[in-house]
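Undergrad: Mind having a look at this structure? Questions to follow.
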Amino acid sequence: MIRAASPKLDALFQLVGSSGCGVLLTDADGVVLDFRTADGDRSTFESWGLIPGSDWSEASEGTNGIGTCIAEGRRVIIHRDEHFHARNTGMSCMDAPIFGAQGELIGSLDVSSARADQTEAFNHLIGAMVSQTARQIETDNFRGAFPNTRIIVANTDDSEAAMLLAVDQDDIVLGATRGARKAFRLAPSGAIAPMAASDIFGREDGPTGFEKAERAAMKRALIRANGNISEAARSLGIGRATLYRRMKRLGMSTKQD
């Protein structure tokens, strides 16, 4: 997670660091693993205990951005006097959970502000960036967990959920993110029982985001191959017969130019 998160923490800090904000990554227990802040704000954050190794679970700090986000498994904004401890009421915290490749909670992403004049409206803008960045970390972490598979990404407007499936060369689903598990009624966490991707894609309630993504990938491959089925199949890493079968299932023409 740290390896996947590091460049995303840098990018997020570039957006919010100049406004007196610090960017923190924690583990699933609320312990700070990594931290970004401007030099001029570092002493303020250190006085609050927002440093690597500090424990910001609800058990340790009561209501706070990191601990409450982890306890409830959802995006939260804790604005100043909403914190439990009086010593924490000088900060605003915007947090989003990070879920692992097996659907389990593995950490949280936090942006905390040291500015007394930061408004709740501005906090909501930062909160949206935090949520989006957390999903990017989750996506990169998932891809790293299934390096030898095809990753199918669903079309979704939900910034709260990264929706991906990991599919092997035999079209068997080996992994799914938490968002995909919820959407397709799979086990919420842990290893999933291997299943044919077609068993998910072939449901009769209209085309899913995964079907749209698969269809688009096949169309791109066919266009790049000038309609040559064998060449398109090779570029997708599947057999010719498998490509024909998928095209037929999705109602695509199998006529070879």
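Residues are named by chain letter and number: chains run A, B, ... in the order of the structure tokens, numbers start at 1 in each chain, and ligands are numbered from 1 in the order shown.
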List every residue of range 4-247 of chain A that DSSP, applied to the backbone, labels as helix (DSSP H, G or I), and write the result as a PyMOL selection string.

TA: chain A and resi 4-19+39-48+58-61+65-72+80-82+86-88+120-145+178-183+197-201+209-224+229-236+240-247

Undergrad: Can you tell me, as a ChimeraX atom specification, what residues are no more than 10 Å from Ser198 in chain A when counting only C-alpha atoms, ignoring any on the same chain fewer than 6 positions away?

TA: /A:171-173,211,246,249

Undergrad: Take the selection from the previous step and output its residues with all heavy atoms, as a CSV table (one decimal), in the first residue's frame.

TA:
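This is the output file again20.csv:
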```csv
chain,number,residue,atom,x,y,z
A,171,ASP,N,-10.4,-16.5,-18.7
A,171,ASP,CA,-11.6,-15.8,-18.5
A,171,ASP,C,-12.3,-16.1,-17.1
A,171,ASP,O,-13.5,-16.0,-16.9
A,171,ASP,CB,-12.7,-16.0,-19.6
A,171,ASP,CG,-13.5,-14.8,-19.9
A,171,ASP,OD1,-13.0,-13.7,-19.6
A,171,ASP,OD2,-14.6,-15.0,-20.4
A,172,ILE,N,-11.4,-16.5,-16.1
A,172,ILE,CA,-11.8,-16.8,-14.8
A,172,ILE,C,-11.6,-15.6,-13.9
A,172,ILE,O,-10.4,-15.0,-13.9
A,172,ILE,CB,-11.2,-18.0,-14.2
A,172,ILE,CG1,-11.4,-19.2,-15.1
A,172,ILE,CG2,-11.6,-18.3,-12.8
A,172,ILE,CD1,-12.9,-19.6,-15.3
A,173,VAL,N,-12.6,-15.1,-13.1
A,173,VAL,CA,-12.4,-14.0,-12.2
A,173,VAL,C,-11.6,-14.5,-11.0
A,173,VAL,O,-12.1,-15.4,-10.3
A,173,VAL,CB,-13.8,-13.4,-11.8
A,173,VAL,CG1,-13.6,-12.3,-10.8
A,173,VAL,CG2,-14.5,-12.9,-13.0
A,211,GLU,N,-19.4,-5.0,-19.0
A,211,GLU,CA,-19.6,-5.4,-20.4
A,211,GLU,C,-19.2,-4.3,-21.4
A,211,GLU,O,-18.6,-4.5,-22.4
A,211,GLU,CB,-21.1,-5.7,-20.6
A,211,GLU,CG,-21.5,-7.1,-19.9
A,211,GLU,CD,-23.0,-7.3,-20.0
A,211,GLU,OE1,-23.7,-6.3,-19.7
A,211,GLU,OE2,-23.4,-8.4,-20.3
A,246,ARG,N,-16.6,-14.3,-27.1
A,246,ARG,CA,-17.0,-13.0,-26.4
A,246,ARG,C,-17.7,-12.0,-27.3
A,246,ARG,O,-18.6,-11.4,-26.9
A,246,ARG,CB,-15.7,-12.4,-25.8
A,246,ARG,CG,-15.1,-13.2,-24.7
A,246,ARG,CD,-13.9,-12.5,-24.1
A,246,ARG,NE,-13.2,-13.3,-23.1
A,246,ARG,CZ,-12.1,-13.0,-22.5
A,246,ARG,NH1,-11.4,-11.9,-22.9
A,246,ARG,NH2,-11.6,-13.7,-21.6
A,249,ARG,N,-21.3,-13.2,-27.6
A,249,ARG,CA,-22.0,-12.9,-26.4
A,249,ARG,C,-22.4,-11.4,-26.3
A,249,ARG,O,-23.5,-11.1,-25.8
A,249,ARG,CB,-21.2,-13.3,-25.2
A,249,ARG,CG,-21.9,-12.9,-23.8
A,249,ARG,CD,-21.1,-13.6,-22.7
A,249,ARG,NE,-19.7,-13.4,-22.7
A,249,ARG,CZ,-19.1,-12.2,-22.3
A,249,ARG,NH1,-19.9,-11.2,-22.0
A,249,ARG,NH2,-17.8,-12.1,-22.3
```

Undergrad: Can you tell me which residues surround range 119-133 of chain A at a distance of at most 10 Å, considering only C-alpha atoms, apart from same-chain residues fewer than 2 positions away, and format the answer as an MDAnalysis selection string?

TA: chainID A and resid 5 8:9 11:12 15:16 21 23 74:80 92:98 108:113 115:117 135:139 158:162

Undergrad: Would you give me, as JSON, numbers by chain, the residues in range 38-220 of chain A that DSSP reads as strand (DSSP E or B)?

TA: {"A": [55, 76, 77, 78, 79, 92, 93, 94, 95, 96, 97, 98, 99, 105, 106, 107, 108, 109, 110, 111, 112, 113, 150, 151, 152, 153, 164, 165, 166, 167, 172, 173, 174, 175, 176, 195, 196]}

Undergrad: Write a file of the just-selected residues containing N, CA and C atoms, as a short mmCIF file (atom, residue, chain, number, x, y, z; two decimals), in the first residue's frame.

TA:
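result-v9.cif, freshly written:
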```
data_model
loop_
_atom_site.label_atom_id
_atom_site.label_comp_id
_atom_site.auth_asym_id
_atom_site.auth_seq_id
_atom_site.Cartn_x
_atom_site.Cartn_y
_atom_site.Cartn_z
N ASP A 55 -0.84 7.08 17.05
CA ASP A 55 -2.08 6.29 16.99
C ASP A 55 -3.28 7.23 17.02
N VAL A 76 -15.30 10.67 5.76
CA VAL A 76 -15.80 11.56 6.81
C VAL A 76 -15.08 12.90 6.76
N ILE A 77 -15.74 13.91 7.28
CA ILE A 77 -15.13 15.23 7.52
C ILE A 77 -15.43 15.59 8.96
N ILE A 78 -14.38 15.81 9.75
CA ILE A 78 -14.52 16.22 11.14
C ILE A 78 -13.99 17.64 11.24
N HIS A 79 -14.91 18.59 11.41
CA HIS A 79 -14.55 20.00 11.38
C HIS A 79 -14.35 20.54 12.79
N SER A 92 -9.16 20.72 11.17
CA SER A 92 -10.22 20.09 10.39
C SER A 92 -9.59 18.90 9.67
N CYS A 93 -10.33 17.78 9.62
CA CYS A 93 -9.79 16.55 9.04
C CYS A 93 -10.74 15.99 7.99
N MET A 94 -10.21 15.68 6.82
CA MET A 94 -10.97 15.08 5.73
C MET A 94 -10.35 13.73 5.43
N ASP A 95 -11.16 12.67 5.52
CA ASP A 95 -10.61 11.32 5.43
C ASP A 95 -11.43 10.41 4.53
N ALA A 96 -10.74 9.43 3.95
CA ALA A 96 -11.40 8.39 3.16
C ALA A 96 -10.70 7.06 3.43
N PRO A 97 -11.46 5.97 3.51
CA PRO A 97 -10.86 4.66 3.75
C PRO A 97 -10.19 4.12 2.49
N ILE A 98 -9.24 3.23 2.69
CA ILE A 98 -8.59 2.53 1.58
C ILE A 98 -8.81 1.04 1.80
N PHE A 99 -9.34 0.38 0.78
CA PHE A 99 -9.62 -1.05 0.88
C PHE A 99 -8.63 -1.85 0.04
N LEU A 105 -10.39 -3.56 4.76
CA LEU A 105 -9.89 -2.22 5.06
C LEU A 105 -8.40 -2.32 5.38
N ILE A 106 -7.59 -1.53 4.69
CA ILE A 106 -6.14 -1.60 4.92
C ILE A 106 -5.56 -0.26 5.40
N GLY A 107 -6.35 0.80 5.38
CA GLY A 107 -5.82 2.07 5.85
C GLY A 107 -6.76 3.21 5.58
N SER A 108 -6.26 4.41 5.80
CA SER A 108 -7.04 5.61 5.50
C SER A 108 -6.12 6.69 4.97
N LEU A 109 -6.71 7.58 4.20
CA LEU A 109 -6.01 8.75 3.70
C LEU A 109 -6.61 9.96 4.38
N ASP A 110 -5.76 10.82 4.92
CA ASP A 110 -6.21 11.97 5.69
C ASP A 110 -5.57 13.25 5.19
N VAL A 111 -6.38 14.31 5.08
CA VAL A 111 -5.86 15.66 4.93
C VAL A 111 -6.34 16.44 6.14
N SER A 112 -5.40 16.96 6.92
CA SER A 112 -5.73 17.76 8.09
C SER A 112 -5.26 19.19 7.87
N SER A 113 -6.09 20.14 8.30
CA SER A 113 -5.79 21.55 8.09
C SER A 113 -5.39 22.23 9.38
N ARG A 150 -5.73 -9.69 -16.58
CA ARG A 150 -6.36 -8.53 -17.19
C ARG A 150 -7.20 -7.85 -16.12
N ILE A 151 -7.12 -6.55 -16.06
CA ILE A 151 -7.93 -5.78 -15.11
C ILE A 151 -9.07 -5.13 -15.88
N ILE A 152 -10.29 -5.47 -15.54
CA ILE A 152 -11.47 -4.90 -16.18
C ILE A 152 -12.04 -3.84 -15.25
N VAL A 153 -12.21 -2.63 -15.79
CA VAL A 153 -12.66 -1.49 -15.00
C VAL A 153 -14.08 -1.14 -15.41
N LEU A 164 -13.20 -2.83 -9.97
CA LEU A 164 -12.33 -3.57 -10.87
C LEU A 164 -12.45 -5.07 -10.63
N LEU A 165 -12.25 -5.82 -11.70
CA LEU A 165 -12.14 -7.27 -11.62
C LEU A 165 -10.79 -7.69 -12.21
N ALA A 166 -10.18 -8.72 -11.63
CA ALA A 166 -8.97 -9.32 -12.17
C ALA A 166 -9.36 -10.64 -12.81
N VAL A 167 -9.07 -10.80 -14.11
CA VAL A 167 -9.50 -11.96 -14.89
C VAL A 167 -8.28 -12.61 -15.52
N ILE A 172 -11.39 -16.45 -16.13
CA ILE A 172 -11.85 -16.75 -14.77
C ILE A 172 -11.55 -15.56 -13.87
N VAL A 173 -12.56 -15.12 -13.13
CA VAL A 173 -12.39 -14.00 -12.21
C VAL A 173 -11.64 -14.47 -10.98
N LEU A 174 -10.50 -13.85 -10.70
CA LEU A 174 -9.68 -14.23 -9.56
C LEU A 174 -9.76 -13.22 -8.42
N GLY A 175 -10.12 -11.99 -8.73
CA GLY A 175 -10.16 -10.96 -7.69
C GLY A 175 -11.14 -9.86 -8.04
N ALA A 176 -11.59 -9.16 -7.01
CA ALA A 176 -12.52 -8.05 -7.21
C ALA A 176 -12.33 -7.04 -6.09
N MET A 195 -14.75 -17.94 -10.65
CA MET A 195 -15.96 -18.05 -11.46
C MET A 195 -15.69 -17.52 -12.85
N ALA A 196 -16.46 -18.00 -13.81
CA ALA A 196 -16.33 -17.52 -15.17
C ALA A 196 -16.80 -16.07 -15.25
#
```

Undergrad: Using only C-alpha atoms, find the one residue out of A:Thr63, A:Gly49, A:Ile70, A:Phe13 that sits nearest to Asp29 in chain A.

TA: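 Checking each candidate against Asp29 in chain A, we get A:Ile70 as the closest.
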
Undergrad: Between CA of Glu61 in chain A and CA of Val31 in chain A, what is the distance in Å, rounded to a tenth?

TA: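 According to the coordinates, CA of Glu61 in chain A and CA of Val31 in chain A are separated by 11.5 Å.
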
Undergrad: Please provide the set of residues having any atom within 12 Å of Met252 in chain A, restricted to only C-alpha atoms, with same-chain residues fewer than 2 positions apart removed, written as a count of residues only.

TA: 19

Undergrad: Could you please determine the separation between CA of Thr37 in chain A and CA of Ser6 in chain A in Å, to one decimal place?

TA: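 Between CA of Thr37 in chain A and CA of Ser6 in chain A the gap works out to 13.7 Å.
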
Undergrad: Return the single residue from A:Ser57, A:Glu231, A:Pro52, A:Gly22 that is closest to Asp39 in chain A, with distances computed using only C-alpha atoms.

TA: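 Of the candidates, the smallest distance to Asp39 in chain A is held by A:Gly22.
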
Undergrad: Which of these residues is nearest to Glu46 in chain A, using only C-alpha atoms: A:Gln14, A:Ala154, A:Pro194, A:Ala114?

TA: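 Comparing A:Gln14, A:Ala154, A:Pro194, A:Ala114 against Glu46 in chain A, the winner is A:Ala114.
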
Undergrad: What's the 12 Å shell around Ser189 in chain A, counting only C-alpha atoms, without same-chain residues fewer than 4 positions away, as number ranges by chain?

TA: A: 99-106, 175-182, 185, 193

Undergrad: Restricting the output to N, CA, C and O atoms, write the selected residues as a PDB file, in the first residue's frame.

TA:
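This is the output file result-v7.pdb:
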```pdb
ATOM      1  N   PHE A  99      -9.337   0.375   0.778  1.00  0.00           N
ATOM      2  CA  PHE A  99      -9.621  -1.054   0.877  1.00  0.00           C
ATOM      3  C   PHE A  99      -8.626  -1.846   0.042  1.00  0.00           C
ATOM      4  O   PHE A  99      -8.183  -1.409  -1.024  1.00  0.00           O
ATOM      5  N   GLY A 100      -8.266  -3.020   0.540  1.00  0.00           N
ATOM      6  CA  GLY A 100      -7.258  -3.845  -0.101  1.00  0.00           C
ATOM      7  C   GLY A 100      -7.798  -4.713  -1.209  1.00  0.00           C
ATOM      8  O   GLY A 100      -8.985  -4.701  -1.542  1.00  0.00           O
ATOM      9  N   ALA A 101      -6.892  -5.520  -1.779  1.00  0.00           N
ATOM     10  CA  ALA A 101      -7.228  -6.355  -2.926  1.00  0.00           C
ATOM     11  C   ALA A 101      -8.246  -7.430  -2.601  1.00  0.00           C
ATOM     12  O   ALA A 101      -8.900  -7.966  -3.502  1.00  0.00           O
ATOM     13  N   GLN A 102      -8.404  -7.762  -1.324  1.00  0.00           N
ATOM     14  CA  GLN A 102      -9.387  -8.762  -0.911  1.00  0.00           C
ATOM     15  C   GLN A 102     -10.633  -8.118  -0.313  1.00  0.00           C
ATOM     16  O   GLN A 102     -11.417  -8.784   0.353  1.00  0.00           O
ATOM     17  N   GLY A 103     -10.801  -6.825  -0.510  1.00  0.00           N
ATOM     18  CA  GLY A 103     -11.978  -6.139  -0.006  1.00  0.00           C
ATOM     19  C   GLY A 103     -11.878  -5.688   1.431  1.00  0.00           C
ATOM     20  O   GLY A 103     -12.808  -5.083   1.961  1.00  0.00           O
ATOM     21  N   GLU A 104     -10.737  -5.937   2.070  1.00  0.00           N
ATOM     22  CA  GLU A 104     -10.568  -5.613   3.479  1.00  0.00           C
ATOM     23  C   GLU A 104     -10.068  -4.179   3.648  1.00  0.00           C
ATOM     24  O   GLU A 104      -9.398  -3.637   2.770  1.00  0.00           O
ATOM     25  N   LEU A 105     -10.390  -3.561   4.762  1.00  0.00           N
ATOM     26  CA  LEU A 105      -9.892  -2.223   5.064  1.00  0.00           C
ATOM     27  C   LEU A 105      -8.400  -2.316   5.384  1.00  0.00           C
ATOM     28  O   LEU A 105      -7.993  -3.096   6.244  1.00  0.00           O
ATOM     29  N   ILE A 106      -7.589  -1.533   4.686  1.00  0.00           N
ATOM     30  CA  ILE A 106      -6.141  -1.595   4.923  1.00  0.00           C
ATOM     31  C   ILE A 106      -5.565  -0.264   5.399  1.00  0.00           C
ATOM     32  O   ILE A 106      -4.399  -0.212   5.777  1.00  0.00           O
ATOM     33  N   GLY A 175     -10.119 -11.986  -8.726  1.00  0.00           N
ATOM     34  CA  GLY A 175     -10.161 -10.962  -7.687  1.00  0.00           C
ATOM     35  C   GLY A 175     -11.140  -9.860  -8.038  1.00  0.00           C
ATOM     36  O   GLY A 175     -11.490  -9.663  -9.201  1.00  0.00           O
ATOM     37  N   ALA A 176     -11.589  -9.163  -7.014  1.00  0.00           N
ATOM     38  CA  ALA A 176     -12.522  -8.055  -7.209  1.00  0.00           C
ATOM     39  C   ALA A 176     -12.327  -7.041  -6.087  1.00  0.00           C
ATOM     40  O   ALA A 176     -12.082  -7.414  -4.944  1.00  0.00           O
ATOM     41  N   THR A 177     -12.424  -5.768  -6.437  1.00  0.00           N
ATOM     42  CA  THR A 177     -12.344  -4.728  -5.419  1.00  0.00           C
ATOM     43  C   THR A 177     -13.628  -4.714  -4.590  1.00  0.00           C
ATOM     44  O   THR A 177     -14.633  -5.326  -4.942  1.00  0.00           O
ATOM     45  N   ARG A 178     -13.590  -3.977  -3.509  1.00  0.00           N
ATOM     46  CA  ARG A 178     -14.755  -3.905  -2.629  1.00  0.00           C
ATOM     47  C   ARG A 178     -15.984  -3.379  -3.372  1.00  0.00           C
ATOM     48  O   ARG A 178     -17.096  -3.894  -3.204  1.00  0.00           O
ATOM     49  N   GLY A 179     -15.775  -2.355  -4.227  1.00  0.00           N
ATOM     50  CA  GLY A 179     -16.892  -1.817  -4.982  1.00  0.00           C
ATOM     51  C   GLY A 179     -17.494  -2.839  -5.925  1.00  0.00           C
ATOM     52  O   GLY A 179     -18.724  -2.942  -6.053  1.00  0.00           O
ATOM     53  N   ALA A 180     -16.645  -3.611  -6.603  1.00  0.00           N
ATOM     54  CA  ALA A 180     -17.135  -4.639  -7.521  1.00  0.00           C
ATOM     55  C   ALA A 180     -17.829  -5.769  -6.761  1.00  0.00           C
ATOM     56  O   ALA A 180     -18.837  -6.313  -7.212  1.00  0.00           O
ATOM     57  N   ARG A 181     -17.304  -6.124  -5.602  1.00  0.00           N
ATOM     58  CA  ARG A 181     -17.943  -7.170  -4.790  1.00  0.00           C
ATOM     59  C   ARG A 181     -19.358  -6.762  -4.402  1.00  0.00           C
ATOM     60  O   ARG A 181     -20.287  -7.574  -4.455  1.00  0.00           O
ATOM     61  N   LYS A 182     -19.500  -5.504  -4.028  1.00  0.00           N
ATOM     62  CA  LYS A 182     -20.821  -5.021  -3.639  1.00  0.00           C
ATOM     63  C   LYS A 182     -21.771  -4.997  -4.839  1.00  0.00           C
ATOM     64  O   LYS A 182     -22.921  -5.421  -4.740  1.00  0.00           O
ATOM     65  N   ARG A 185     -22.605  -8.657  -5.834  1.00  0.00           N
ATOM     66  CA  ARG A 185     -23.061  -9.516  -4.729  1.00  0.00           C
ATOM     67  C   ARG A 185     -22.088 -10.674  -4.468  1.00  0.00           C
ATOM     68  O   ARG A 185     -22.490 -11.821  -4.294  1.00  0.00           O
ATOM     69  N   ALA A 193     -14.485 -17.193  -4.610  1.00  0.00           N
ATOM     70  CA  ALA A 193     -14.477 -18.463  -5.328  1.00  0.00           C
ATOM     71  C   ALA A 193     -14.311 -18.174  -6.811  1.00  0.00           C
ATOM     72  O   ALA A 193     -15.027 -17.327  -7.362  1.00  0.00           O
TER      73      ALA A 193
END
```
